[in-house]
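Shown below: work24.txt, with compact mmCIF, C-alpha atoms and all ligand atoms.
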```
# COMPACT_ATOMS: atom_id res chain seq x y z
CA MET P 26 17.74 4.91 -20.72
CA SER P 27 16.91 1.89 -18.57
CA GLU P 28 13.50 0.17 -18.56
CA VAL P 29 10.78 1.57 -16.28
CA ARG P 30 10.62 -0.61 -13.18
CA ASN P 31 7.48 -1.37 -11.19
CA VAL P 32 9.11 -0.81 -7.83
CA ILE P 33 12.44 0.50 -6.65
CA ILE P 34 13.24 -0.18 -2.99
CA ILE P 35 15.77 2.15 -1.35
CA GLY P 36 17.57 0.60 1.64
CA SER P 37 18.44 -2.96 2.63
CA GLY P 38 17.53 -3.34 6.31
CA PRO P 39 14.73 -5.61 7.53
CA ALA P 40 12.11 -3.25 6.03
CA GLY P 41 13.73 -3.21 2.60
CA TYR P 42 14.32 -6.95 2.32
CA THR P 43 10.82 -7.80 3.51
CA ALA P 44 9.34 -5.36 0.97
CA GLY P 45 11.61 -6.94 -1.65
CA LEU P 46 10.52 -10.45 -0.74
CA TYR P 47 6.82 -9.60 -1.01
CA ASN P 48 7.15 -7.64 -4.25
CA ALA P 49 9.36 -10.32 -5.79
CA ARG P 50 6.86 -13.04 -4.90
CA ALA P 51 4.14 -10.85 -6.49
CA LEU P 52 6.23 -11.00 -9.71
CA LEU P 53 6.87 -7.24 -9.77
CA LYS P 54 10.63 -7.72 -10.43
CA PRO P 55 11.63 -5.19 -7.76
CA LEU P 56 15.00 -3.47 -7.88
CA MET P 57 16.76 -2.58 -4.62
CA PHE P 58 19.54 -0.10 -3.95
CA ALA P 59 21.12 -1.43 -0.78
CA GLY P 60 22.95 1.77 0.09
CA TYR P 61 26.11 2.65 1.93
CA MET P 62 25.34 0.15 4.68
CA SER P 63 24.23 -2.97 2.88
CA GLY P 64 22.15 -4.98 5.38
CA GLY P 65 21.32 -1.95 7.54
CA GLN P 66 21.84 -1.30 11.23
CA LEU P 67 21.82 -4.96 12.28
CA MET P 68 25.19 -5.38 10.54
CA LEU P 69 26.53 -3.59 13.64
CA THR P 70 25.32 -6.10 16.20
CA SER P 71 26.47 -9.58 17.15
CA ASP P 72 23.44 -11.06 18.94
CA ILE P 73 19.80 -10.75 18.03
CA GLU P 74 17.60 -12.58 20.49
CA ASN P 75 14.23 -10.97 19.80
CA PHE P 76 13.57 -11.73 16.13
CA PRO P 77 11.07 -14.63 16.05
CA GLY P 78 12.27 -17.83 14.45
CA TYR P 79 15.75 -18.04 15.96
CA PRO P 80 15.46 -19.91 19.28
CA GLU P 81 19.21 -19.72 19.87
CA GLY P 82 19.51 -16.09 18.71
CA ILE P 83 21.48 -15.13 15.61
CA GLY P 84 24.26 -12.74 14.61
CA GLY P 85 23.06 -9.55 12.90
CA PRO P 86 25.14 -9.90 9.71
CA GLU P 87 24.15 -13.57 9.39
CA MET P 88 20.45 -12.76 9.72
CA MET P 89 20.67 -9.97 7.15
CA MET P 90 22.44 -12.31 4.68
CA GLN P 91 19.59 -14.78 5.14
CA LEU P 92 16.98 -12.08 4.53
CA ARG P 93 18.82 -11.08 1.36
CA GLU P 94 19.17 -14.67 0.11
CA GLN P 95 15.48 -15.33 0.71
CA ALA P 96 14.37 -12.24 -1.24
CA GLU P 97 16.90 -12.86 -4.05
CA ARG P 98 15.65 -16.43 -4.43
CA PHE P 99 12.31 -15.00 -5.57
CA GLY P 100 13.89 -12.48 -7.93
CA LEU P 101 14.77 -9.34 -5.97
CA GLU P 102 17.58 -7.59 -7.86
CA VAL P 103 19.99 -5.94 -5.43
CA HIS P 104 22.57 -3.31 -6.35
CA ASP P 105 24.99 -2.38 -3.55
CA LYS P 106 24.81 1.29 -4.46
CA ASN P 107 23.65 4.52 -2.85
CA VAL P 108 20.77 6.63 -4.14
CA GLU P 109 21.88 10.24 -4.52
CA ARG P 110 18.49 11.79 -5.12
CA ILE P 111 15.06 11.13 -6.53
CA ASP P 112 12.78 13.24 -8.74
CA THR P 113 9.09 12.92 -7.93
CA SER P 114 7.88 15.77 -10.17
CA SER P 115 6.63 13.47 -12.94
CA SER P 116 5.65 9.86 -13.44
CA PRO P 117 7.49 7.52 -13.70
CA PHE P 118 9.69 8.74 -10.86
CA LYS P 119 13.41 9.09 -11.43
CA VAL P 120 16.07 7.68 -9.14
CA TYR P 121 19.67 8.82 -9.51
CA VAL P 122 22.34 6.36 -8.45
CA GLU P 123 26.06 7.02 -8.76
CA GLY P 124 25.70 8.85 -12.06
CA GLU P 125 22.98 6.62 -13.54
CA GLU P 126 19.27 7.37 -13.92
CA PHE P 127 16.61 4.75 -13.17
CA GLN P 128 12.83 5.06 -13.57
CA SER P 129 10.08 3.46 -11.56
CA HIS P 130 6.31 3.68 -11.19
CA ALA P 131 6.54 3.13 -7.41
CA ILE P 132 9.25 3.64 -4.81
CA ILE P 133 9.53 2.20 -1.31
CA ILE P 134 11.83 4.17 0.99
CA CYS P 135 13.43 2.07 3.74
CA THR P 136 16.49 4.15 4.60
CA GLY P 137 16.23 3.86 8.39
CA ALA P 138 17.37 6.26 11.08
CA GLU P 139 20.80 6.54 12.62
CA ALA P 140 21.19 6.73 16.37
CA ILE P 141 23.06 9.85 17.43
CA TRP P 142 26.25 8.93 19.29
CA LEU P 143 28.16 11.10 21.73
CA GLY P 144 31.49 10.84 19.94
CA ALA P 145 33.39 10.61 23.25
CA GLU P 146 36.91 9.16 23.28
CA GLY P 147 36.94 5.35 23.09
CA GLU P 148 33.32 5.16 21.89
CA SER P 149 33.78 3.57 18.49
CA GLU P 150 35.84 0.69 19.98
CA GLN P 151 33.09 -0.13 22.51
CA LYS P 152 30.04 0.16 20.21
CA GLY P 153 28.20 -3.14 20.51
CA ARG P 154 30.67 -4.32 23.19
CA GLY P 155 29.11 -2.45 26.11
CA ILE P 156 27.84 0.77 24.58
CA SER P 157 24.43 0.55 22.94
CA THR P 158 21.68 2.83 21.67
CA CYS P 159 18.83 0.39 22.27
CA ALA P 160 17.85 -0.91 25.73
CA THR P 161 15.07 -3.10 24.31
CA CYS P 162 17.70 -4.79 22.11
CA ASP P 163 20.61 -5.08 24.53
CA GLY P 164 19.30 -4.54 28.09
CA ALA P 165 19.06 -8.27 28.85
CA PHE P 166 22.83 -8.64 28.35
CA PHE P 167 23.37 -6.55 31.52
CA ARG P 168 21.58 -8.67 34.10
CA ASP P 169 22.82 -7.93 37.66
CA GLN P 170 25.27 -5.29 36.43
CA GLU P 171 25.55 -1.51 36.76
CA VAL P 172 24.72 0.56 33.70
CA ILE P 173 24.47 4.20 32.77
CA VAL P 174 22.04 5.98 30.46
CA VAL P 175 22.95 9.28 28.80
CA GLY P 176 20.19 11.72 27.84
CA GLY P 177 17.42 13.90 29.16
CA GLY P 178 14.39 13.20 26.98
CA ASP P 179 11.54 10.68 27.14
CA SER P 180 13.66 8.00 25.45
CA ALA P 181 16.36 8.30 28.12
CA MET P 182 13.75 8.02 30.91
CA GLU P 183 12.12 5.06 29.19
CA GLU P 184 15.45 3.29 28.63
CA ALA P 185 16.52 3.90 32.25
CA THR P 186 13.25 2.61 33.67
CA PHE P 187 13.29 -0.43 31.36
CA LEU P 188 16.87 -1.26 32.34
CA THR P 189 15.95 -1.50 36.05
CA ARG P 190 14.45 -4.92 35.18
CA PHE P 191 17.95 -6.28 34.62
CA ALA P 192 20.53 -3.96 36.13
CA THR P 193 21.32 -3.61 39.82
CA LYS P 194 21.75 0.14 39.37
CA VAL P 195 21.04 2.61 36.57
CA THR P 196 22.73 6.02 36.61
CA LEU P 197 21.14 8.58 34.33
CA ILE P 198 23.55 11.23 33.14
CA HIS P 199 22.42 14.56 31.74
CA ARG P 200 24.45 17.62 30.84
CA ARG P 201 21.89 20.10 32.21
CA ASP P 202 19.36 20.13 35.04
CA VAL P 203 16.45 20.84 32.69
CA PHE P 204 14.90 17.75 31.13
CA ARG P 205 13.08 17.54 27.79
CA ALA P 206 11.26 14.47 29.11
CA SER P 207 7.60 14.74 30.04
CA LYS P 208 7.00 15.21 33.76
CA VAL P 209 5.38 11.83 34.18
CA MET P 210 8.35 10.00 32.58
CA TYR P 211 10.86 12.07 34.52
CA ASP P 212 9.05 11.48 37.83
CA ARG P 213 8.92 7.75 37.19
CA ALA P 214 12.72 7.67 36.74
CA LEU P 215 13.36 10.07 39.62
CA ASN P 216 11.34 8.02 42.07
CA HIS P 217 12.67 4.64 41.03
CA PRO P 218 14.84 3.16 43.79
CA LYS P 219 17.36 1.70 41.30
CA ILE P 220 17.84 4.95 39.32
CA GLU P 221 20.20 7.73 40.29
CA ILE P 222 20.15 10.94 38.26
CA LEU P 223 23.37 12.93 37.82
CA THR P 224 22.91 16.41 36.34
CA PHE P 225 25.48 18.78 34.80
CA LYS P 226 27.63 15.83 33.74
CA GLN P 227 28.87 14.69 30.34
CA VAL P 228 30.91 11.70 29.24
CA LYS P 229 34.41 12.78 28.33
CA LYS P 230 35.93 9.36 27.78
CA TRP P 231 34.90 5.68 27.92
CA LEU P 232 37.01 3.29 30.00
CA SER P 233 37.50 -0.36 29.09
CA ASP P 234 39.66 -3.44 29.53
CA GLU P 235 40.02 -6.61 27.46
CA ASN P 236 36.54 -7.79 28.55
CA GLY P 237 34.72 -4.65 27.48
CA LEU P 238 33.41 -1.47 29.05
CA THR P 239 34.40 -0.73 32.65
CA GLY P 240 33.24 2.85 33.12
CA ALA P 241 33.43 6.44 32.00
CA VAL P 242 35.23 9.66 32.81
CA LEU P 243 32.64 12.35 33.47
CA GLU P 244 33.12 16.07 33.25
CA ASP P 245 31.03 18.58 35.20
CA THR P 246 29.54 20.91 32.57
CA GLN P 247 29.64 23.86 35.01
CA SER P 248 32.88 23.50 36.96
CA GLY P 249 34.85 21.33 34.52
CA GLU P 250 35.64 18.98 37.42
CA VAL P 251 36.41 15.43 36.34
CA SER P 252 35.18 12.23 38.03
CA GLU P 253 34.88 8.53 37.18
CA ILE P 254 31.92 6.20 37.22
CA SER P 255 32.12 2.43 36.84
CA CYS P 256 29.61 0.50 34.71
CA SER P 257 29.65 -2.49 32.39
CA GLY P 258 26.98 -1.15 30.07
CA ALA P 259 26.07 2.28 28.71
CA PHE P 260 23.03 3.32 26.73
CA ILE P 261 23.11 6.51 24.73
CA ALA P 262 19.63 7.95 24.35
CA ILE P 263 20.12 11.38 22.83
CA GLY P 264 18.03 10.84 19.72
CA HIS P 265 17.91 9.40 16.22
CA LYS P 266 18.36 11.03 12.85
CA PRO P 267 16.21 9.68 10.00
CA ILE P 268 18.04 9.32 6.69
CA THR P 269 15.88 11.52 4.50
CA GLY P 270 18.28 14.28 3.38
CA PHE P 271 18.51 12.80 -0.15
CA LEU P 272 14.75 13.40 -0.62
CA GLU P 273 15.36 17.15 -0.71
CA ASP P 274 11.96 18.04 0.81
CA GLN P 275 9.98 16.37 -2.00
CA ILE P 276 8.21 14.18 0.53
CA GLU P 277 6.50 15.49 3.64
CA THR P 278 8.34 14.81 6.88
CA ASP P 279 7.90 15.88 10.49
CA ASP P 280 10.18 18.53 12.01
CA SER P 281 12.85 15.93 12.78
CA GLY P 282 12.88 14.58 9.22
CA TYR P 283 10.84 11.38 9.74
CA ILE P 284 8.66 10.61 6.71
CA LEU P 285 4.97 11.11 7.43
CA ALA P 286 2.67 8.25 6.43
CA LYS P 287 -0.43 9.69 4.81
CA ASP P 288 -2.49 6.73 3.65
CA PHE P 289 -1.34 3.57 5.43
CA THR P 290 2.31 3.38 4.26
CA MET P 291 1.90 5.85 1.36
CA THR P 292 3.70 9.17 1.74
CA SER P 293 2.54 12.62 0.66
CA VAL P 294 3.47 11.65 -2.94
CA PRO P 295 1.12 8.98 -4.35
CA GLY P 296 3.15 6.00 -5.53
CA ILE P 297 5.91 6.56 -2.97
CA PHE P 298 5.77 4.45 0.16
CA ALA P 299 7.95 4.32 3.26
CA ALA P 300 8.63 1.67 5.89
CA GLY P 301 10.79 0.95 8.93
CA ASP P 302 12.78 3.29 11.13
CA VAL P 303 12.57 6.12 8.58
CA VAL P 304 8.91 6.57 9.59
CA ASP P 305 8.97 5.03 13.04
CA THR P 306 9.58 7.35 15.98
CA ARG P 307 8.33 4.83 18.52
CA TYR P 308 9.29 1.15 18.15
CA ARG P 309 12.53 1.01 16.09
CA GLN P 310 12.85 -2.77 16.07
CA ALA P 311 13.85 -5.22 13.35
CA ILE P 312 10.53 -7.03 13.54
CA THR P 313 8.44 -3.85 13.34
CA ALA P 314 10.56 -2.63 10.41
CA ALA P 315 10.04 -5.97 8.65
CA GLY P 316 6.29 -5.77 9.35
CA MET P 317 6.12 -2.29 7.84
CA GLY P 318 8.15 -3.47 4.84
CA CYS P 319 5.46 -6.09 4.23
CA GLN P 320 2.72 -3.46 4.52
CA ALA P 321 4.48 -1.08 2.11
CA ALA P 322 5.01 -3.85 -0.44
CA ILE P 323 1.33 -4.80 -0.37
CA ASP P 324 0.29 -1.12 -0.54
CA ALA P 325 2.62 -0.56 -3.52
CA GLU P 326 1.30 -3.67 -5.26
CA ARG P 327 -2.32 -2.51 -4.89
CA TRP P 328 -1.47 1.05 -5.93
CA LEU P 329 0.24 -0.25 -9.09
CA GLU P 330 -2.77 -2.40 -9.88
CA ASP P 331 -5.18 0.54 -9.48
CA ASN P 332 -3.08 3.23 -11.14
CA ILE P 333 -0.57 1.79 -13.60
CA HIS P 334 -1.37 -1.72 -14.88
C1 LIG L 401 23.76 -1.76 17.45
C2 LIG L 401 22.29 -2.03 17.20
C3 LIG L 401 21.72 -3.17 17.71
C4 LIG L 401 20.37 -3.44 17.47
N1 LIG L 401 19.86 -4.60 17.96
C5 LIG L 401 18.57 -4.90 17.69
C6 LIG L 401 18.00 -6.14 18.15
O1 LIG L 401 18.66 -6.94 18.83
N2 LIG L 401 16.69 -6.38 17.84
C7 LIG L 401 15.93 -5.51 17.12
O2 LIG L 401 14.76 -5.81 16.85
N3 LIG L 401 16.43 -4.34 16.68
C8 LIG L 401 17.72 -4.01 16.95
N4 LIG L 401 18.24 -2.83 16.52
C9 LIG L 401 17.35 -1.90 15.79
C10 LIG L 401 17.23 -2.37 14.33
O3 LIG L 401 18.51 -2.51 13.79
C11 LIG L 401 16.43 -1.37 13.50
O4 LIG L 401 15.18 -1.15 14.09
C12 LIG L 401 16.21 -1.91 12.09
O5 LIG L 401 17.43 -2.25 11.48
C13 LIG L 401 15.48 -0.90 11.21
O6 LIG L 401 15.35 -1.43 9.96
P1 LIG L 401 15.14 -0.56 8.66
O7 LIG L 401 14.95 -1.54 7.56
O8 LIG L 401 14.09 0.45 8.90
O9 LIG L 401 16.48 0.28 8.44
P2 LIG L 401 18.02 0.02 8.66
O10 LIG L 401 18.34 -1.31 9.20
O11 LIG L 401 18.52 1.21 9.36
O12 LIG L 401 18.57 0.06 7.16
C14 LIG L 401 18.59 1.26 6.44
C15 LIG L 401 19.15 0.95 5.07
O13 LIG L 401 19.02 2.10 4.23
C16 LIG L 401 20.16 2.18 3.42
N5 LIG L 401 20.28 3.55 2.93
C17 LIG L 401 20.36 4.71 3.64
N6 LIG L 401 20.47 5.76 2.79
C18 LIG L 401 20.44 5.23 1.53
C19 LIG L 401 20.53 5.79 0.23
N7 LIG L 401 20.65 7.11 0.02
N8 LIG L 401 20.47 4.95 -0.85
C20 LIG L 401 20.32 3.63 -0.67
N9 LIG L 401 20.22 3.04 0.55
C21 LIG L 401 20.31 3.84 1.63
C22 LIG L 401 21.30 1.72 4.31
O14 LIG L 401 22.38 1.27 3.51
C23 LIG L 401 20.62 0.55 5.04
O15 LIG L 401 20.74 -0.60 4.27
C24 LIG L 401 19.58 -2.53 16.74
C25 LIG L 401 20.16 -1.36 16.23
C26 LIG L 401 21.49 -1.11 16.44
C27 LIG L 401 22.11 0.16 15.89
```
Go through the file and emit its structure as C-alpha cells.
Amino acid sequence: MSEVRNVIIIGSGPAGYTAGLYNARALLKPLMFAGYMSGGQLMLTSDIENFPGYPEGIGGPEMMMQLREQAERFGLEVHDKNVERIDTSSSPFKVYVEGEEFQSHAIIICTGAEAIWLGAEGESEQKGRGISTCATCDGAFFRDQEVIVVGGGDSAMEEATFLTRFATKVTLIHRRDVFRASKVMYDRALNHPKIEILTFKQVKKWLSDENGLTGAVLEDTQSGEVSEISCSGAFIAIGHKPITGFLEDQIETDDSGYILAKDFTMTSVPGIFAAGDVVDTRYRQAITAAGMGCQAAIDAERWLEDNIH
C-alpha cells in the first residue's frame, strides 16, 4: 500500500496546475493525476490572447507545458494517468488509478467540463480552425466576417450578442422554434440588427477549403429541405458536460452534474475540494479556472492544518 498523501489533485488544466503549484510551494508534496487529456482543454487551441502575462499571445499546448514545468519545479508529482473512481466513505480517501490504489487526506477535483459538439460531418477537421465552442475565447479572430451560432439557450443568445462586436453578421441557428433562453436574452438577440435567427434548421455538414471554414449545409428539421449558408466562423453553444461521472454520486452536484461548492471551494464531503470548469457554469475561462485552483489549494491547506496535522 502506498503512503498516505496530503493532497491528490485530479486533472491537469489551469485549475489543477495552479492548485499543484500552490500546494507544492506549501510543501504538501501534492500528487496529480493528469488524466486522459494531459494539459486539459487548452491543448486543443492554438492561440490564447486573454491569459495575462503573454503580450504576444501564446499557443495552448505551450502555455500548459509552462504551467506544468512551473509546478513541477516546486515539487508537484505528475502521473499521466486517469482516475477510475474514488472512495470517500472513510478517511483517508482512496483514489483508484489504472488498477492501483492511492490514499490521501485531501482531494482537489479539477476535471473540467467538455463542450458538447454537434458531430456534423467535417466537424472534427475544423475544430479550432473556424469552429469553436467559446465566443469569449475566439470571437476576436472573426473581425469583419460572417459567423453562425448554433443553439437555443441563454449561452447561444449571449454568444451571438457578444459576437456582434466583431462580426458583420451573426446567424443564429436553432432546430426548433421554441427557445430555452430567457425572454430577455432572446429578445436582445432577436432585436439586434446584426443578428438573424433561423429556426427549424440543423447543421448537416461543414464546408471548408484550404484556408478553413467556408460555410455549412443546413437541413430543415420539418421538411428535410437542404440549403447552404456561408460563414468563416461557427460557434456551437449547445451546452457543456462536466466530467464527474467517475465520482459515482459520492459528491453533491447540480442536476447537470456540476460539483456544488458548499464552503468556499469545499464540496459536500469535507476534505474534498473542487475548482475550475467542473464547478463553473458561468465563466469557463483559463484565468478563472486558475484562480479557483489557487483558492482550492489554499482551502485544502487550511483544512489539513485544522483537521489532520
Ligand atoms: C478549443 C478551446 C479554446 C479555448 N480557448 C480559451 C482561451 O483562449 N482563453 C481562455 O481563457 N479559455 C479558453 N478555453 C476555455 C478553457 O480551456 C477552460 O476554461 C479551462 O481549460 C478550464 O480549466 P480546468 O482546469 O477547469 O479544466 P480543463 O482544462 O478542462 O482540464 C480538465 C483536466 O481533467 C482531466 N481529467 C478529466 N477526467 C479525469 C480523470 N478521471 N482522472 C484524471 N484526470 C481527469 C483531463 O485530463 C484534463 O487534464 C478554451 C476551450 C476550448 C475547448
Taking only C-alpha atoms and all ligand atoms into account, produce a table as a Markdown table in which each residue of chain P with an atom at most 7 Å from an atom of ligand LIG 401 (chain L) appears once, together with its shortest atom pair and the distance in Å to one decimal, ordered by chain and rising number.
```
| residue | atom | partner | partner_atom | distance |
| --- | --- | --- | --- | --- |
| P:Ile35 | CA | L:LIG401 | C20 | 4.8 |
| P:Gly36 | CA | L:LIG401 | O13 | 3.3 |
| P:Ser37 | CA | L:LIG401 | O15 | 3.7 |
| P:Gly38 | CA | L:LIG401 | O7 | 3.4 |
| P:Pro39 | CA | L:LIG401 | O7 | 4.1 |
| P:Ala40 | CA | L:LIG401 | O7 | 3.7 |
| P:Gly41 | CA | L:LIG401 | O7 | 5.4 |
| P:Phe58 | CA | L:LIG401 | C20 | 5.0 |
| P:Ala59 | CA | L:LIG401 | N9 | 4.7 |
| P:Gly60 | CA | L:LIG401 | N9 | 3.0 |
| P:Tyr61 | CA | L:LIG401 | O14 | 4.3 |
| P:Met62 | CA | L:LIG401 | O14 | 3.4 |
| P:Ser63 | CA | L:LIG401 | O15 | 4.4 |
| P:Gly64 | CA | L:LIG401 | O15 | 4.7 |
| P:Gly65 | CA | L:LIG401 | O12 | 3.4 |
| P:Gln66 | CA | L:LIG401 | O10 | 4.0 |
| P:Leu67 | CA | L:LIG401 | O3 | 4.4 |
| P:Leu69 | CA | L:LIG401 | C1 | 5.1 |
| P:Thr70 | CA | L:LIG401 | C1 | 4.8 |
| P:Asp72 | CA | L:LIG401 | O1 | 6.3 |
| P:Ile73 | CA | L:LIG401 | O1 | 4.1 |
| P:Glu74 | CA | L:LIG401 | O1 | 6.0 |
| P:Asn75 | CA | L:LIG401 | N2 | 5.6 |
| P:Phe76 | CA | L:LIG401 | O2 | 6.1 |
| P:Lys106 | CA | L:LIG401 | C20 | 6.3 |
| P:Asn107 | CA | L:LIG401 | N8 | 3.8 |
| P:Val108 | CA | L:LIG401 | N8 | 3.7 |
| P:Glu109 | CA | L:LIG401 | N7 | 5.6 |
| P:Cys135 | CA | L:LIG401 | O8 | 5.4 |
| P:Thr136 | CA | L:LIG401 | O13 | 3.3 |
| P:Gly137 | CA | L:LIG401 | O9 | 3.6 |
| P:Ala138 | CA | L:LIG401 | O11 | 5.5 |
| P:Glu139 | CA | L:LIG401 | O11 | 6.7 |
| P:Ala140 | CA | L:LIG401 | C27 | 6.7 |
| P:Gly153 | CA | L:LIG401 | C1 | 5.6 |
| P:Ser157 | CA | L:LIG401 | C1 | 6.0 |
| P:Thr158 | CA | L:LIG401 | C27 | 6.4 |
| P:Cys159 | CA | L:LIG401 | C24 | 6.3 |
| P:Cys162 | CA | L:LIG401 | O1 | 4.0 |
| P:Asp163 | CA | L:LIG401 | O1 | 6.3 |
| P:Ile268 | CA | L:LIG401 | N6 | 5.8 |
| P:Phe271 | CA | L:LIG401 | N7 | 6.1 |
| P:Ala300 | CA | L:LIG401 | O8 | 6.4 |
| P:Gly301 | CA | L:LIG401 | O8 | 3.3 |
| P:Asp302 | CA | L:LIG401 | O8 | 3.8 |
| P:Val303 | CA | L:LIG401 | O8 | 5.9 |
| P:Arg309 | CA | L:LIG401 | O4 | 4.0 |
| P:Gln310 | CA | L:LIG401 | O4 | 3.5 |
| P:Ala311 | CA | L:LIG401 | O2 | 3.7 |
| P:Ile312 | CA | L:LIG401 | O2 | 5.5 |
| P:Ala314 | CA | L:LIG401 | O8 | 4.9 |
| P:Ala315 | CA | L:LIG401 | O7 | 6.7 |
```
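When CA of Leu238 (chain P) is paired with CA of Gly258 (chain P), their separation reads 6.5 Å.
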Answer as a ChimeraX atom specification, residues within 10 Å of (31.9, -3.8, 30.6) using all atoms listed in the file: /P:151,154-156,167,170-172,232-240,255-259
Can you list, as an NGL selection string, every protein, DNA or RNA residue that comes within 6 Å of region 208-224 of chain P when you count all atoms listed in the file, leaving out same-chain residues fewer than 3 positions away? :P and (182 or 186 or 194-202)
Test item: residues at most 8 Å from region 129-131 of chain P, only C-alpha atoms, excluding those fewer than 4 positions along its chain, as a PyMOL selection string: chain P and resi 29-33+116-120+296-298+325+329+333
To one decimal in Å, tell me the separation between CA of Gly124 (chain P) and CA of His104 (chain P). 13.8 Å
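Atom pair CA of Arg307 (chain P) / CA of Ser180 (chain P) has a distance of 9.3 Å (rounded to one decimal).
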Considering all atoms listed in the file, can you say which of P:Leu46, P:Ile134, P:Val251, P:Met68 comes closest to Tyr283 (chain P)? P:Ile134
Which one is closest to Val175 (chain P): P:Phe225, P:Trp328, P:Tyr79, P:Phe127? Count all atoms listed in the file. P:Phe225
Considering all atoms listed in the file, can you say which of P:Gln320, P:Thr290, P:Gln227, P:Ser71 comes closest to Ser248 (chain P)?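 The answer is P:Gln227, which sits nearest to Ser248 (chain P).
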Find the residues around Gly45 (chain P) up to 8 Å (all atoms listed in the file counted), leave out those fewer than 2 positions away in its own chain, and share them as a VMD selection string. chain P and resid 34 41 to 43 47 to 49 55 to 57 96 101 322
Thr269 (chain P) proximity check over P:Ile111, P:Asp179, P:Val203, P:Ala160, using all atoms listed in the file: winner is P:Ile111
Which of these, P:Lys226, P:Arg190, P:His334, P:Lys152, has the shortest distance to Phe260 (chain P) once you count all atoms listed in the file?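 Using all atoms listed in the file, Phe260 (chain P) sits closest to P:Lys152.
With distances restricted to only C-alpha atoms, P:Ile132 is the closest residue to Ala321 (chain P) from P:Val228, P:Gly176, P:Ser115, P:Ile132.
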